[in-house]
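One file, model.tsv, carrying TSV, C-alpha atoms:
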chain	number	residue	atom	x	y	z
A	1	MET	CA	-61.60	3.78	3.64
A	2	ALA	CA	-61.52	7.53	4.07
A	3	SER	CA	-58.09	7.44	5.67
A	4	SER	CA	-56.63	5.90	2.52
A	5	ILE	CA	-57.86	8.70	0.27
A	6	ARG	CA	-55.18	11.23	-0.61
A	7	PRO	CA	-55.96	14.74	-1.93
A	8	ARG	CA	-54.90	15.12	-5.57
A	9	LEU	CA	-54.20	18.17	-7.67
A	10	ARG	CA	-55.51	17.99	-11.20
A	11	ILE	CA	-52.87	19.19	-13.66
A	12	SER	CA	-55.57	20.30	-16.08
A	13	ALA	CA	-56.78	22.80	-13.51
A	14	LEU	CA	-53.40	24.49	-13.52
A	15	SER	CA	-53.71	25.45	-17.16
A	16	LYS	CA	-56.85	27.47	-16.38
A	17	CYS	CA	-55.12	29.49	-13.72
A	18	ARG	CA	-54.04	32.90	-14.92
A	19	PRO	CA	-51.23	34.79	-13.18
A	20	ARG	CA	-52.45	37.76	-11.21
A	21	HIS	CA	-50.65	41.08	-11.33
A	22	ILE	CA	-49.47	42.05	-7.88
A	23	SER	CA	-48.53	45.65	-7.20
A	24	LEU	CA	-45.46	46.07	-4.97
A	25	PRO	CA	-44.96	49.19	-2.88
A	26	GLN	CA	-42.75	51.84	-4.47
A	27	LEU	CA	-39.22	52.02	-2.95
A	28	PRO	CA	-37.68	55.37	-2.05
A	29	ALA	CA	-35.54	56.91	-4.81
A	30	ARG	CA	-32.24	56.40	-2.85
A	31	GLN	CA	-32.84	52.64	-2.47
A	32	GLN	CA	-33.81	52.35	-6.15
A	33	ARG	CA	-30.49	53.97	-7.15
A	34	ALA	CA	-28.52	51.63	-4.82
A	35	LEU	CA	-30.14	48.56	-6.32
A	36	SER	CA	-29.60	49.75	-9.89
A	37	ASN	CA	-25.85	50.22	-9.22
A	38	ARG	CA	-25.26	46.64	-7.90
A	39	ARG	CA	-23.07	44.41	-10.08
A	40	PRO	CA	-24.81	41.27	-11.35
A	41	PRO	CA	-23.48	38.17	-9.57
A	42	ASN	CA	-20.65	36.30	-11.32
A	43	PRO	CA	-21.46	32.58	-11.45
A	44	HIS	CA	-17.72	31.77	-11.30
A	45	ASP	CA	-17.19	33.60	-7.99
A	46	ALA	CA	-16.99	31.17	-5.06
A	47	PRO	CA	-17.81	32.48	-1.60
A	48	LYS	CA	-14.68	33.21	0.36
A	49	GLY	CA	-14.03	30.91	3.28
A	50	VAL	CA	-16.13	28.05	1.91
A	51	TRP	CA	-14.26	24.74	2.11
A	52	ALA	CA	-14.24	22.55	-1.01
A	53	PRO	CA	-17.14	24.25	-2.86
A	54	LYS	CA	-17.21	21.64	-5.62
A	55	THR	CA	-17.29	18.79	-3.15
A	56	ARG	CA	-20.07	20.46	-1.15
A	57	LEU	CA	-21.99	21.00	-4.39
A	58	ALA	CA	-21.60	17.35	-5.41
A	59	PHE	CA	-22.97	16.09	-2.10
A	60	GLY	CA	-25.65	18.81	-2.16
A	61	VAL	CA	-26.97	17.59	-5.52
A	62	VAL	CA	-27.26	14.06	-4.18
A	63	PHE	CA	-29.00	15.29	-1.03
A	64	ILE	CA	-31.52	17.44	-2.94
A	65	GLY	CA	-32.18	14.61	-5.40
A	66	ALA	CA	-32.95	12.28	-2.52
A	67	MET	CA	-35.30	14.87	-0.97
A	68	VAL	CA	-37.22	15.28	-4.23
A	69	TYR	CA	-37.58	11.51	-4.61
A	70	SER	CA	-38.78	11.18	-1.02
A	71	MET	CA	-41.38	13.96	-1.43
A	72	ALA	CA	-42.67	12.54	-4.71
A	73	THR	CA	-43.04	8.96	-3.54
A	74	GLY	CA	-43.85	9.51	0.10
A	75	THR	CA	-41.03	7.07	0.96
A	76	PRO	CA	-38.50	8.15	3.61
A	77	THR	CA	-34.97	8.14	2.16
A	78	LYS	CA	-31.99	7.29	4.35
A	79	LEU	CA	-28.81	8.90	3.08
A	80	GLU	CA	-25.54	6.99	3.51
A	81	ALA	CA	-22.39	8.92	4.30
A	82	PRO	CA	-19.80	8.91	1.50
A	83	SER	CA	-17.18	6.18	1.77
A	84	ILE	CA	-13.46	6.83	2.30
A	85	ALA	CA	-12.86	6.00	-1.36
A	86	GLU	CA	-15.51	8.49	-2.54
A	87	ARG	CA	-14.19	11.28	-0.34
A	88	ASP	CA	-10.59	10.66	-1.42
A	89	LYS	CA	-11.54	10.60	-5.09
A	90	LEU	CA	-13.28	13.96	-4.81
A	91	ALA	CA	-10.47	15.49	-2.77
A	92	LYS	CA	-7.79	14.41	-5.27
A	93	HIS	CA	-9.87	15.66	-8.19
A	94	GLU	CA	-10.52	19.04	-6.61
A	95	ASN	CA	-7.39	19.89	-4.64
A	96	GLY	CA	-4.78	17.28	-5.59
A	97	ILE	CA	-2.54	15.90	-2.83
A	98	THR	CA	-0.78	18.39	-0.57
A	99	GLU	CA	1.08	18.30	2.74
A	100	ASN	CA	-2.27	18.97	4.42
A	101	SER	CA	-3.94	15.95	2.82
A	102	PRO	CA	-4.76	12.85	4.89
A	103	MET	CA	-1.79	10.57	5.50
A	104	ARG	CA	-3.27	7.83	3.32
A	105	LEU	CA	-3.15	10.12	0.27
A	106	ARG	CA	0.38	11.34	1.02
A	107	MET	CA	1.64	7.76	1.40
A	108	GLU	CA	-0.04	6.82	-1.89
A	109	ARG	CA	1.66	9.72	-3.68
A	110	PHE	CA	5.07	8.86	-2.18
A	111	ILE	CA	5.07	5.18	-3.16
A	112	LYS	CA	3.96	6.03	-6.70
A	113	GLU	CA	6.94	8.37	-7.03
A	114	GLN	CA	9.30	5.71	-5.68
A	115	GLN	CA	7.90	3.04	-7.98
A	116	LYS	CA	8.72	5.14	-11.03
A	117	GLN	CA	12.27	5.83	-9.83
A	118	ILE	CA	13.02	2.18	-8.94
A	119	VAL	CA	11.63	0.87	-12.23
A	120	LYS	CA	13.70	3.39	-14.16
A	121	GLU	CA	16.93	2.30	-12.40
A	122	LEU	CA	16.20	-1.41	-12.88
A	123	GLU	CA	15.42	-0.94	-16.58
A	124	GLU	CA	18.81	0.71	-17.05
A	125	ILE	CA	20.51	-2.31	-15.47
A	126	ASP	CA	18.50	-4.96	-17.31
A	127	GLY	CA	18.15	-3.31	-20.70
A	128	LYS	CA	14.51	-4.36	-21.04
A	129	LYS	CA	11.31	-2.54	-20.20
A	130	PHE	CA	8.83	-3.47	-17.46
A	131	GLN	CA	5.26	-4.30	-18.40
A	132	ILE	CA	3.05	-1.69	-16.70
A	133	ASP	CA	-0.42	-2.88	-15.74
A	134	THR	CA	-2.89	-0.46	-14.14
A	135	TRP	CA	-5.96	-1.92	-12.45
A	136	THR	CA	-8.90	-0.79	-10.32
A	137	ARG	CA	-11.09	-2.28	-7.59
A	138	GLU	CA	-14.88	-2.00	-7.54
A	139	SER	CA	-14.89	-1.01	-3.87
A	140	GLY	CA	-12.36	1.74	-4.52
A	141	GLY	CA	-8.66	2.05	-5.19
A	142	GLY	CA	-6.55	-0.13	-7.45
A	143	GLY	CA	-2.89	-0.35	-8.25
A	144	ILE	CA	-0.03	-0.35	-10.72
A	145	SER	CA	1.82	-3.59	-11.35
A	146	SER	CA	5.24	-3.28	-13.00
A	147	VAL	CA	6.59	-6.69	-13.97
A	148	LEU	CA	9.63	-7.83	-15.96
A	149	GLN	CA	9.98	-11.49	-17.03
A	150	ASP	CA	12.82	-13.16	-18.91
A	151	GLY	CA	14.96	-10.05	-18.85
A	152	ASN	CA	18.69	-9.89	-19.47
A	153	VAL	CA	19.54	-9.67	-15.76
A	154	PHE	CA	16.30	-10.50	-13.99
A	155	GLU	CA	14.45	-13.73	-14.59
A	156	LYS	CA	11.48	-12.13	-12.86
A	157	ALA	CA	11.11	-8.73	-11.24
A	158	GLY	CA	8.04	-7.03	-9.85
A	159	VAL	CA	7.60	-3.53	-8.42
A	160	ASN	CA	3.95	-3.18	-7.47
A	161	ILE	CA	1.82	-0.67	-5.62
A	162	SER	CA	-1.72	-1.22	-4.37
A	163	VAL	CA	-4.37	1.05	-2.90
A	164	VAL	CA	-7.16	-0.88	-1.20
A	165	TYR	CA	-10.42	0.34	0.33
A	166	GLY	CA	-12.61	-2.25	1.98
A	167	THR	CA	-14.43	-3.56	5.03
A	168	LEU	CA	-12.88	-5.82	7.65
A	169	PRO	CA	-15.03	-8.75	8.82
A	170	ARG	CA	-15.38	-9.62	12.49
A	171	PRO	CA	-12.57	-12.28	12.59
A	172	ALA	CA	-10.05	-9.83	11.11
A	173	ILE	CA	-11.07	-7.13	13.62
A	174	GLU	CA	-10.48	-9.50	16.53
A	175	LYS	CA	-6.97	-10.32	15.27
A	176	MET	CA	-6.07	-6.65	14.84
A	177	ARG	CA	-7.28	-5.73	18.34
A	178	VAL	CA	-4.38	-7.73	19.76
A	179	ASN	CA	-2.03	-4.90	18.76
A	180	HIS	CA	-4.50	-2.02	18.30
A	181	LYS	CA	-6.74	-1.50	21.34
A	182	ALA	CA	-8.33	1.61	19.80
A	183	ILE	CA	-10.41	-0.64	17.57
A	184	ASP	CA	-13.93	-1.07	18.98
A	185	PRO	CA	-14.38	-4.72	20.03
A	186	ASP	CA	-18.16	-4.57	19.61
A	187	VAL	CA	-18.35	-3.65	15.92
A	188	THR	CA	-19.20	-6.37	13.42
A	189	SER	CA	-17.40	-4.70	10.51
A	190	LEU	CA	-14.95	-1.86	10.02
A	191	ASP	CA	-13.97	0.22	7.00
A	192	PHE	CA	-10.25	0.19	6.25
A	193	PHE	CA	-7.64	1.61	3.90
A	194	ALA	CA	-4.32	0.00	2.99
A	195	THR	CA	-1.59	1.04	0.57
A	196	GLY	CA	1.95	-0.11	-0.01
A	197	LEU	CA	4.80	-0.80	-2.37
A	198	SER	CA	5.96	-4.41	-2.74
A	199	MET	CA	9.00	-5.53	-4.70
A	200	VAL	CA	10.77	-8.82	-5.39
A	201	LEU	CA	13.73	-9.24	-7.77
A	202	HIS	CA	14.88	-12.72	-8.87
A	203	PRO	CA	18.09	-12.49	-10.96
A	204	HIS	CA	19.16	-15.12	-13.52
A	205	ASN	CA	22.65	-15.45	-12.11
A	206	PRO	CA	22.84	-17.67	-8.97
A	207	MET	CA	25.67	-15.45	-7.70
A	208	ALA	CA	23.29	-12.47	-7.58
A	209	PRO	CA	20.92	-12.43	-4.58
A	210	THR	CA	17.16	-12.15	-4.59
A	211	VAL	CA	15.87	-9.09	-2.75
A	212	HIS	CA	12.47	-8.30	-1.26
A	213	LEU	CA	11.00	-5.00	-0.08
A	214	ASN	CA	7.65	-3.87	1.25
A	215	TYR	CA	6.57	-0.64	2.91
A	216	ARG	CA	2.91	-0.09	3.73
A	217	TYR	CA	0.35	2.06	5.57
A	218	PHE	CA	-2.93	0.86	7.11
A	219	GLU	CA	-5.79	2.66	8.81
A	220	THR	CA	-9.30	1.90	10.03
A	221	GLU	CA	-12.20	4.34	10.17
A	222	ASN	CA	-14.90	5.12	12.73
A	223	PRO	CA	-18.57	5.28	11.62
A	224	ASP	CA	-18.39	9.10	11.73
A	225	GLY	CA	-15.53	9.14	9.18
A	226	THR	CA	-12.65	9.88	11.56
A	227	VAL	CA	-9.53	7.70	11.69
A	228	ASN	CA	-9.85	4.94	14.28
A	229	ALA	CA	-6.34	3.46	14.19
A	230	TRP	CA	-3.30	3.79	11.91
A	231	TRP	CA	0.08	2.14	11.55
A	232	PHE	CA	3.04	1.68	9.21
A	233	GLY	CA	4.90	-1.53	8.50
A	234	GLY	CA	7.47	-3.01	6.16
A	235	GLY	CA	11.11	-3.80	5.67
A	236	THR	CA	13.58	-5.29	3.23
A	237	ASP	CA	15.71	-8.45	3.19
A	238	LEU	CA	18.37	-10.15	1.07
A	239	THR	CA	18.24	-13.82	-0.02
A	240	PRO	CA	21.47	-15.08	-1.63
A	241	CYS	CA	22.04	-18.55	-3.04
A	242	TYR	CA	25.81	-18.09	-2.71
A	243	LEU	CA	26.98	-16.00	0.18
A	244	PHE	CA	29.38	-13.10	-0.31
A	245	ASP	CA	30.02	-11.58	3.10
A	246	GLU	CA	30.80	-8.14	1.67
A	247	ASP	CA	27.35	-8.05	0.03
A	248	ALA	CA	25.56	-8.83	3.28
A	249	ILE	CA	27.66	-6.25	5.13
A	250	HIS	CA	26.97	-3.53	2.55
A	251	PHE	CA	23.23	-4.28	2.51
A	252	HIS	CA	22.89	-4.21	6.29
A	253	LYS	CA	25.10	-1.14	6.75
A	254	THR	CA	23.06	0.90	4.29
A	255	ILE	CA	19.84	-0.04	6.07
A	256	LYS	CA	21.33	0.65	9.50
A	257	ASP	CA	22.43	4.12	8.41
A	258	ALA	CA	18.86	4.86	7.30
A	259	CYS	CA	17.44	3.62	10.62
A	260	ASP	CA	19.96	5.53	12.72
A	261	LYS	CA	18.85	8.85	11.23
A	262	HIS	CA	15.55	8.40	13.09
A	263	ASP	CA	16.11	6.10	16.05
A	264	LYS	CA	19.26	4.15	16.92
A	265	SER	CA	17.14	1.40	18.47
A	266	TYR	CA	15.40	0.70	15.17
A	267	TYR	CA	18.06	-1.35	13.39
A	268	PRO	CA	18.87	-3.86	16.17
A	269	ARG	CA	15.16	-4.31	16.96
A	270	PHE	CA	14.00	-4.58	13.37
A	271	LYS	CA	16.95	-6.79	12.33
A	272	LYS	CA	16.07	-9.29	15.05
A	273	TRP	CA	12.41	-9.08	14.07
A	274	CYS	CA	13.36	-9.81	10.44
A	275	ASP	CA	15.38	-12.92	11.36
A	276	LYS	CA	12.43	-14.17	13.41
A	277	TYR	CA	9.72	-13.37	10.85
A	278	PHE	CA	11.39	-14.68	7.66
A	279	TYR	CA	11.94	-18.10	9.18
A	280	ASN	CA	10.90	-21.41	7.63
A	281	LYS	CA	9.84	-23.26	10.77
A	282	HIS	CA	9.43	-26.58	8.99
A	283	ARG	CA	13.02	-26.28	7.66
A	284	ASN	CA	14.59	-24.76	10.80
A	285	GLU	CA	16.30	-22.04	8.77
A	286	CYS	CA	15.88	-18.38	7.80
A	287	ARG	CA	14.77	-17.51	4.29
A	288	GLY	CA	17.86	-15.35	3.72
A	289	VAL	CA	20.50	-13.25	5.47
A	290	GLY	CA	17.89	-10.78	6.68
A	291	GLY	CA	17.59	-7.04	6.78
A	292	ILE	CA	14.86	-5.28	8.73
A	293	PHE	CA	11.19	-6.01	9.34
A	294	PHE	CA	8.63	-4.19	11.49
A	295	ASP	CA	4.89	-3.88	11.86
A	296	ASP	CA	2.41	-1.82	13.86
A	297	LEU	CA	4.54	1.34	13.94
A	298	ASP	CA	1.80	3.58	15.39
A	299	GLU	CA	1.15	6.41	17.84
A	300	HIS	CA	2.48	4.33	20.74
A	301	GLU	CA	5.89	4.29	19.03
A	302	LYS	CA	6.14	7.59	17.15
A	303	GLY	CA	3.95	10.43	15.97
A	304	GLN	CA	2.46	9.96	12.52
A	305	GLU	CA	4.74	12.52	10.86
A	306	ASP	CA	7.87	11.03	12.43
A	307	ALA	CA	6.83	7.53	11.40
A	308	PHE	CA	6.16	8.67	7.84
A	309	SER	CA	9.54	10.38	7.70
A	310	PHE	CA	11.23	7.12	8.69
A	311	ILE	CA	9.32	5.18	6.02
A	312	GLN	CA	10.48	7.67	3.40
A	313	THR	CA	14.13	7.37	4.43
A	314	ALA	CA	14.00	3.57	4.58
A	315	LEU	CA	12.40	3.17	1.16
A	316	LYS	CA	14.80	5.64	-0.46
A	317	ALA	CA	17.71	3.57	0.93
A	318	PHE	CA	16.82	0.59	-1.26
A	319	LEU	CA	18.61	1.60	-4.45
A	320	PRO	CA	21.96	2.36	-2.78
A	321	SER	CA	21.67	-0.89	-0.77
A	322	TYR	CA	21.11	-3.22	-3.74
A	323	ILE	CA	22.28	-1.64	-7.00
A	324	PRO	CA	26.03	-2.00	-6.19
A	325	ILE	CA	25.47	-5.70	-5.38
A	326	ILE	CA	23.54	-6.63	-8.52
A	327	THR	CA	25.98	-4.63	-10.66
A	328	LYS	CA	28.89	-6.61	-9.24
A	329	ARG	CA	27.30	-10.10	-9.46
A	330	LYS	CA	25.06	-10.11	-12.55
A	331	ASP	CA	27.78	-11.13	-15.04
A	332	MET	CA	29.76	-13.58	-12.90
A	333	PRO	CA	30.37	-17.06	-14.40
A	334	PHE	CA	28.45	-20.03	-12.94
A	335	THR	CA	28.05	-23.77	-13.53
A	336	GLU	CA	25.03	-25.97	-14.17
A	337	GLN	CA	25.31	-27.36	-10.64
A	338	GLU	CA	25.26	-23.84	-9.19
A	339	LYS	CA	22.15	-23.08	-11.21
A	340	LEU	CA	20.54	-26.24	-9.80
A	341	TRP	CA	21.32	-25.07	-6.25
A	342	GLN	CA	19.63	-21.76	-7.05
A	343	GLN	CA	16.46	-23.64	-8.01
A	344	LEU	CA	16.46	-25.53	-4.72
A	345	ARG	CA	16.92	-22.33	-2.71
A	346	ARG	CA	14.08	-20.72	-4.63
A	347	GLY	CA	11.92	-23.67	-3.64
A	348	ARG	CA	12.50	-22.72	0.01
A	349	TYR	CA	11.56	-19.14	-0.89
A	350	VAL	CA	8.24	-20.36	-2.31
A	351	GLU	CA	7.58	-22.48	0.78
A	352	PHE	CA	7.88	-19.51	3.09
A	353	ASN	CA	5.70	-17.22	0.98
A	354	LEU	CA	2.85	-19.69	0.62
A	355	VAL	CA	2.97	-21.24	4.09
A	356	HIS	CA	4.10	-18.56	6.54
A	357	ASP	CA	3.89	-15.06	5.02
A	358	ARG	CA	1.07	-13.01	6.58
A	359	GLY	CA	0.99	-10.53	3.69
A	360	THR	CA	0.30	-13.26	1.14
A	361	SER	CA	-2.37	-14.77	3.37
A	362	PHE	CA	-4.06	-11.39	3.96
A	363	GLY	CA	-4.02	-10.59	0.26
A	364	LEU	CA	-5.46	-13.91	-0.87
A	365	ASN	CA	-8.22	-13.67	1.76
A	366	THR	CA	-9.21	-10.11	0.82
A	367	PRO	CA	-12.49	-10.08	-1.20
A	368	ASN	CA	-11.94	-9.43	-4.92
A	369	ALA	CA	-8.17	-9.66	-4.45
A	370	ARG	CA	-5.92	-9.40	-7.49
A	371	VAL	CA	-4.18	-12.77	-7.28
A	372	GLU	CA	-1.65	-12.03	-10.04
A	373	SER	CA	-0.23	-9.11	-8.07
A	374	ILE	CA	-0.14	-11.03	-4.79
A	375	LEU	CA	1.75	-13.99	-6.27
A	376	MET	CA	4.13	-11.70	-8.14
A	377	SER	CA	6.70	-12.49	-5.43
A	378	LEU	CA	7.12	-16.08	-6.58
A	379	PRO	CA	10.07	-16.87	-8.87
A	380	LEU	CA	9.53	-17.92	-12.46
A	381	THR	CA	11.32	-21.23	-11.82
A	382	ALA	CA	12.01	-23.24	-8.67
A	383	GLY	CA	12.85	-26.82	-7.78
A	384	TRP	CA	12.58	-29.52	-5.13
A	385	ARG	CA	14.67	-32.67	-4.74
A	386	TYR	CA	13.93	-35.49	-2.36
A	387	MET	CA	16.24	-35.60	0.70
A	388	HIS	CA	18.81	-33.28	-0.85
A	389	GLU	CA	21.73	-32.29	1.38
A	390	PRO	CA	24.65	-30.04	0.37
A	391	GLU	CA	28.17	-31.46	0.42
A	392	LYS	CA	30.00	-30.89	3.70
A	393	GLY	CA	32.51	-28.05	3.57
A	394	SER	CA	30.99	-26.66	0.36
A	395	ARG	CA	29.82	-23.08	-0.28
A	396	GLU	CA	26.28	-24.42	-0.31
A	397	GLN	CA	26.73	-25.90	3.17
A	398	ARG	CA	28.20	-22.62	4.46
A	399	LEU	CA	25.08	-20.78	3.35
A	400	VAL	CA	22.82	-23.27	5.15
A	401	ASP	CA	24.90	-22.92	8.32
A	402	VAL	CA	24.45	-19.14	8.28
A	403	LEU	CA	20.71	-19.46	7.64
A	404	ARG	CA	20.38	-21.73	10.68
A	405	GLU	CA	22.38	-19.38	12.90
A	406	PRO	CA	21.69	-15.72	11.85
A	407	ARG	CA	24.72	-13.41	12.06
A	408	GLU	CA	25.22	-9.81	13.07
A	409	TRP	CA	26.57	-8.22	9.89
A	410	VAL	CA	27.32	-4.74	11.23
Once you've parsed the file, please lay out its structure as C-alpha cells.
Amino acid sequence: MASSIRPRLRISALSKCRPRHISLPQLPARQQRALSNRRPPNPHDAPKGVWAPKTRLAFGVVFIGAMVYSMATGTPTKLEAPSIAERDKLAKHENGITENSPMRLRMERFIKEQQKQIVKELEEIDGKKFQIDTWTRESGGGGISSVLQDGNVFEKAGVNISVVYGTLPRPAIEKMRVNHKAIDPDVTSLDFFATGLSMVLHPHNPMAPTVHLNYRYFETENPDGTVNAWWFGGGTDLTPCYLFDEDAIHFHKTIKDACDKHDKSYYPRFKKWCDKYFYNKHRNECRGVGGIFFDDLDEHEKGQEDAFSFIQTALKAFLPSYIPIITKRKDMPFTEQEKLWQQLRRGRYVEFNLVHDRGTSFGLNTPNARVESILMSLPLTAGWRYMHEPEKGSREQRLVDVLREPREWV
C-alpha cells in the first residue's frame, strides 16, 4: 500500500509562500560598467552557423511538448522521427529548392516546370485550355493533373505529375531487390518516395499518332533517414494508326540525338528495351513504332547528377520530337473507315495498358491511389471487333506488319 502512495504538493500552500529577498554580492565597478554597455539581444538575430533555425525550432517545440507531457503524466513518451514528407515540407517552406536540395526535390521542381511548358505549347496547337486539377495525399505529396477532353485537335490529352510518399510492403520490397541489392532483405516495410511526369496525347485525326511519355525518379529510405537506393526511369514512344515513315524517322532521330549527348550506347539499348516492353504478348505485336524505354538507371550505371542531366535532356526533347508531326497531320482528310481503324488500334492500346503495363499496375495497387490520374492514359473512345483482319496489301496491313517486326528507324 505504501509503495502506491505518491507525494503531492498542495497548490494552496504555494499561495502562502512569500518571496524572500536575497542579497547578491556587489560586482566591481568595471564589471558593472561592462554589463551596462551590452546591447539587449535582438530576437530576430539567428546564431551564425546554425543550420535551418526554423526547422530546428519546430522540432524543438514538439520535443519539449512531449517532455512536459511525459513529466506530468509519468508516462514515457517515444518520439518518432519526422517522415520524409514532413522534412521536405519544412525544407521547401524555409529554404525553397536549390541545387543543394535532395534529388527528389530537384526532380519535382524540374517536372513541374516542364509540365507548364508542355501544356502551354499544346494549348496553342489545340486552341482550348487544359483543366488543371491539384490534389494532395494524406501520407504526403500530391500532384497536378492537366487534362483536355474533346478539344479541337486532341480527343483526350493528359499531362500529369505526381509526388508520392509512402511505405512499401514486404512483397514489393522483394520484387525491387531483384534489381536493387542495397535494399535490406530483412525489413518488413520501407519508406519510399516517387515522382514523375506522365503524358498521353490521343488526337482526333487517325492520321495523327498517339504519343506517350513518362520520366520518373524513385528512392527508398533507411530507418535513420538516409537514402537507401535511388533510380531514374522513363521513356517515350509513338503509336500511329497510319504509318508515315518520315514521322517515325523524325521522332526516333530527335530522341537519338538527345541520348547521344550523354551516352552513345543509350539509344540502341533503350530502343530495343522499348520494343520489348511495349509488346502485346497476347496479340504478338508491339503497341506502336517505339521510341526509348529504360528503368533502374542508378549508381551502377551513372552517378546521380549525370543520370539527372540525361533525364532533363530527354524530357526537353519531347516538344521538338512531336510538335512538327502533330502540326503536319492534325488537319489531314480521313474517311469513316479510317476512323473505325483508329478505334480498333486504340483498343489494342487499352489492352496493353490494363494487362501488361507495370506503371498502371503499381499505381492501382498503391494505397489511396488516385485512380483518375492513373487511368488518364486511356483514350476517350476505343473499339473491338470480333475476328477483324485488315485487307491484304492495305495501309492497315502494312502497319500491322511493322508492329510484328520492329524496324530500325535511324
Quiz item: Do you know which residues are at most 8 Å from region 150-152 of chain A counting only C-alpha atoms, after dropping those on the same chain fewer than 5 positions away, and could you put them as a PyMOL selection string?
Solution: chain A and resi 126-128+204
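Across the model, the gap from CA of Cys241 (chain A) to CA of Gln343 (chain A) is 9.0 Å.
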Practice problem: Return the single residue from A:Ser189, A:Thr195, A:Asn205, A:Gln131 that is closest to Met332 (chain A), with distances computed using all atoms listed in the file. | Solution: A:Asn205
Quiz prompt | Selection as a PyMOL selection string: residues within 12 Å of (21.7, -12.8, 0.4), counting all atoms listed in the file | solution = chain A and resi 201-203+206-212+236-252+286-291+321-322+325-326+329+342+345+399-400+402-403+406+409
Keeping only C-alpha atoms, write the selected residues to a file as a PDB file, in the coordinates of the input.
ATOM      1  CA  LEU A 201      13.730  -9.240  -7.770  1.00  0.00           C
ATOM      2  CA  HIS A 202      14.880 -12.720  -8.870  1.00  0.00           C
ATOM      3  CA  PRO A 203      18.090 -12.490 -10.960  1.00  0.00           C
ATOM      4  CA  PRO A 206      22.840 -17.670  -8.970  1.00  0.00           C
ATOM      5  CA  MET A 207      25.670 -15.450  -7.700  1.00  0.00           C
ATOM      6  CA  ALA A 208      23.290 -12.470  -7.580  1.00  0.00           C
ATOM      7  CA  PRO A 209      20.920 -12.430  -4.580  1.00  0.00           C
ATOM      8  CA  THR A 210      17.160 -12.150  -4.590  1.00  0.00           C
ATOM      9  CA  VAL A 211      15.870  -9.090  -2.750  1.00  0.00           C
ATOM     10  CA  HIS A 212      12.470  -8.300  -1.260  1.00  0.00           C
ATOM     11  CA  THR A 236      13.580  -5.290   3.230  1.00  0.00           C
ATOM     12  CA  ASP A 237      15.710  -8.450   3.190  1.00  0.00           C
ATOM     13  CA  LEU A 238      18.370 -10.150   1.070  1.00  0.00           C
ATOM     14  CA  THR A 239      18.240 -13.820  -0.020  1.00  0.00           C
ATOM     15  CA  PRO A 240      21.470 -15.080  -1.630  1.00  0.00           C
ATOM     16  CA  CYS A 241      22.040 -18.550  -3.040  1.00  0.00           C
ATOM     17  CA  TYR A 242      25.810 -18.090  -2.710  1.00  0.00           C
ATOM     18  CA  LEU A 243      26.980 -16.000   0.180  1.00  0.00           C
ATOM     19  CA  PHE A 244      29.380 -13.100  -0.310  1.00  0.00           C
ATOM     20  CA  ASP A 245      30.020 -11.580   3.100  1.00  0.00           C
ATOM     21  CA  GLU A 246      30.800  -8.140   1.670  1.00  0.00           C
ATOM     22  CA  ASP A 247      27.350  -8.050   0.030  1.00  0.00           C
ATOM     23  CA  ALA A 248      25.560  -8.830   3.280  1.00  0.00           C
ATOM     24  CA  ILE A 249      27.660  -6.250   5.130  1.00  0.00           C
ATOM     25  CA  HIS A 250      26.970  -3.530   2.550  1.00  0.00           C
ATOM     26  CA  PHE A 251      23.230  -4.280   2.510  1.00  0.00           C
ATOM     27  CA  HIS A 252      22.890  -4.210   6.290  1.00  0.00           C
ATOM     28  CA  CYS A 286      15.880 -18.380   7.800  1.00  0.00           C
ATOM     29  CA  ARG A 287      14.770 -17.510   4.290  1.00  0.00           C
ATOM     30  CA  GLY A 288      17.860 -15.350   3.720  1.00  0.00           C
ATOM     31  CA  VAL A 289      20.500 -13.250   5.470  1.00  0.00           C
ATOM     32  CA  GLY A 290      17.890 -10.780   6.680  1.00  0.00           C
ATOM     33  CA  GLY A 291      17.590  -7.040   6.780  1.00  0.00           C
ATOM     34  CA  SER A 321      21.670  -0.890  -0.770  1.00  0.00           C
ATOM     35  CA  TYR A 322      21.110  -3.220  -3.740  1.00  0.00           C
ATOM     36  CA  ILE A 325      25.470  -5.700  -5.380  1.00  0.00           C
ATOM     37  CA  ILE A 326      23.540  -6.630  -8.520  1.00  0.00           C
ATOM     38  CA  ARG A 329      27.300 -10.100  -9.460  1.00  0.00           C
ATOM     39  CA  GLN A 342      19.630 -21.760  -7.050  1.00  0.00           C
ATOM     40  CA  ARG A 345      16.920 -22.330  -2.710  1.00  0.00           C
ATOM     41  CA  LEU A 399      25.080 -20.780   3.350  1.00  0.00           C
ATOM     42  CA  VAL A 400      22.820 -23.270   5.150  1.00  0.00           C
ATOM     43  CA  VAL A 402      24.450 -19.140   8.280  1.00  0.00           C
ATOM     44  CA  LEU A 403      20.710 -19.460   7.640  1.00  0.00           C
ATOM     45  CA  PRO A 406      21.690 -15.720  11.850  1.00  0.00           C
ATOM     46  CA  TRP A 409      26.570  -8.220   9.890  1.00  0.00           C
TER      47      TRP A 409
END
Self-check item: Minimum-distance residue to Glu174 (chain A), chosen among A:Glu155, A:Asp186, A:Glu108, A:Asp306 (using all atoms listed in the file)
Solution: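 So, comparing all the options, the nearest one is A:Asp186.
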Quiz item: Could you state the separation of CA of Asp191 (chain A) and CA of Thr220 (chain A) in Å, given to one decimal place?
Solution: 5.8 Å
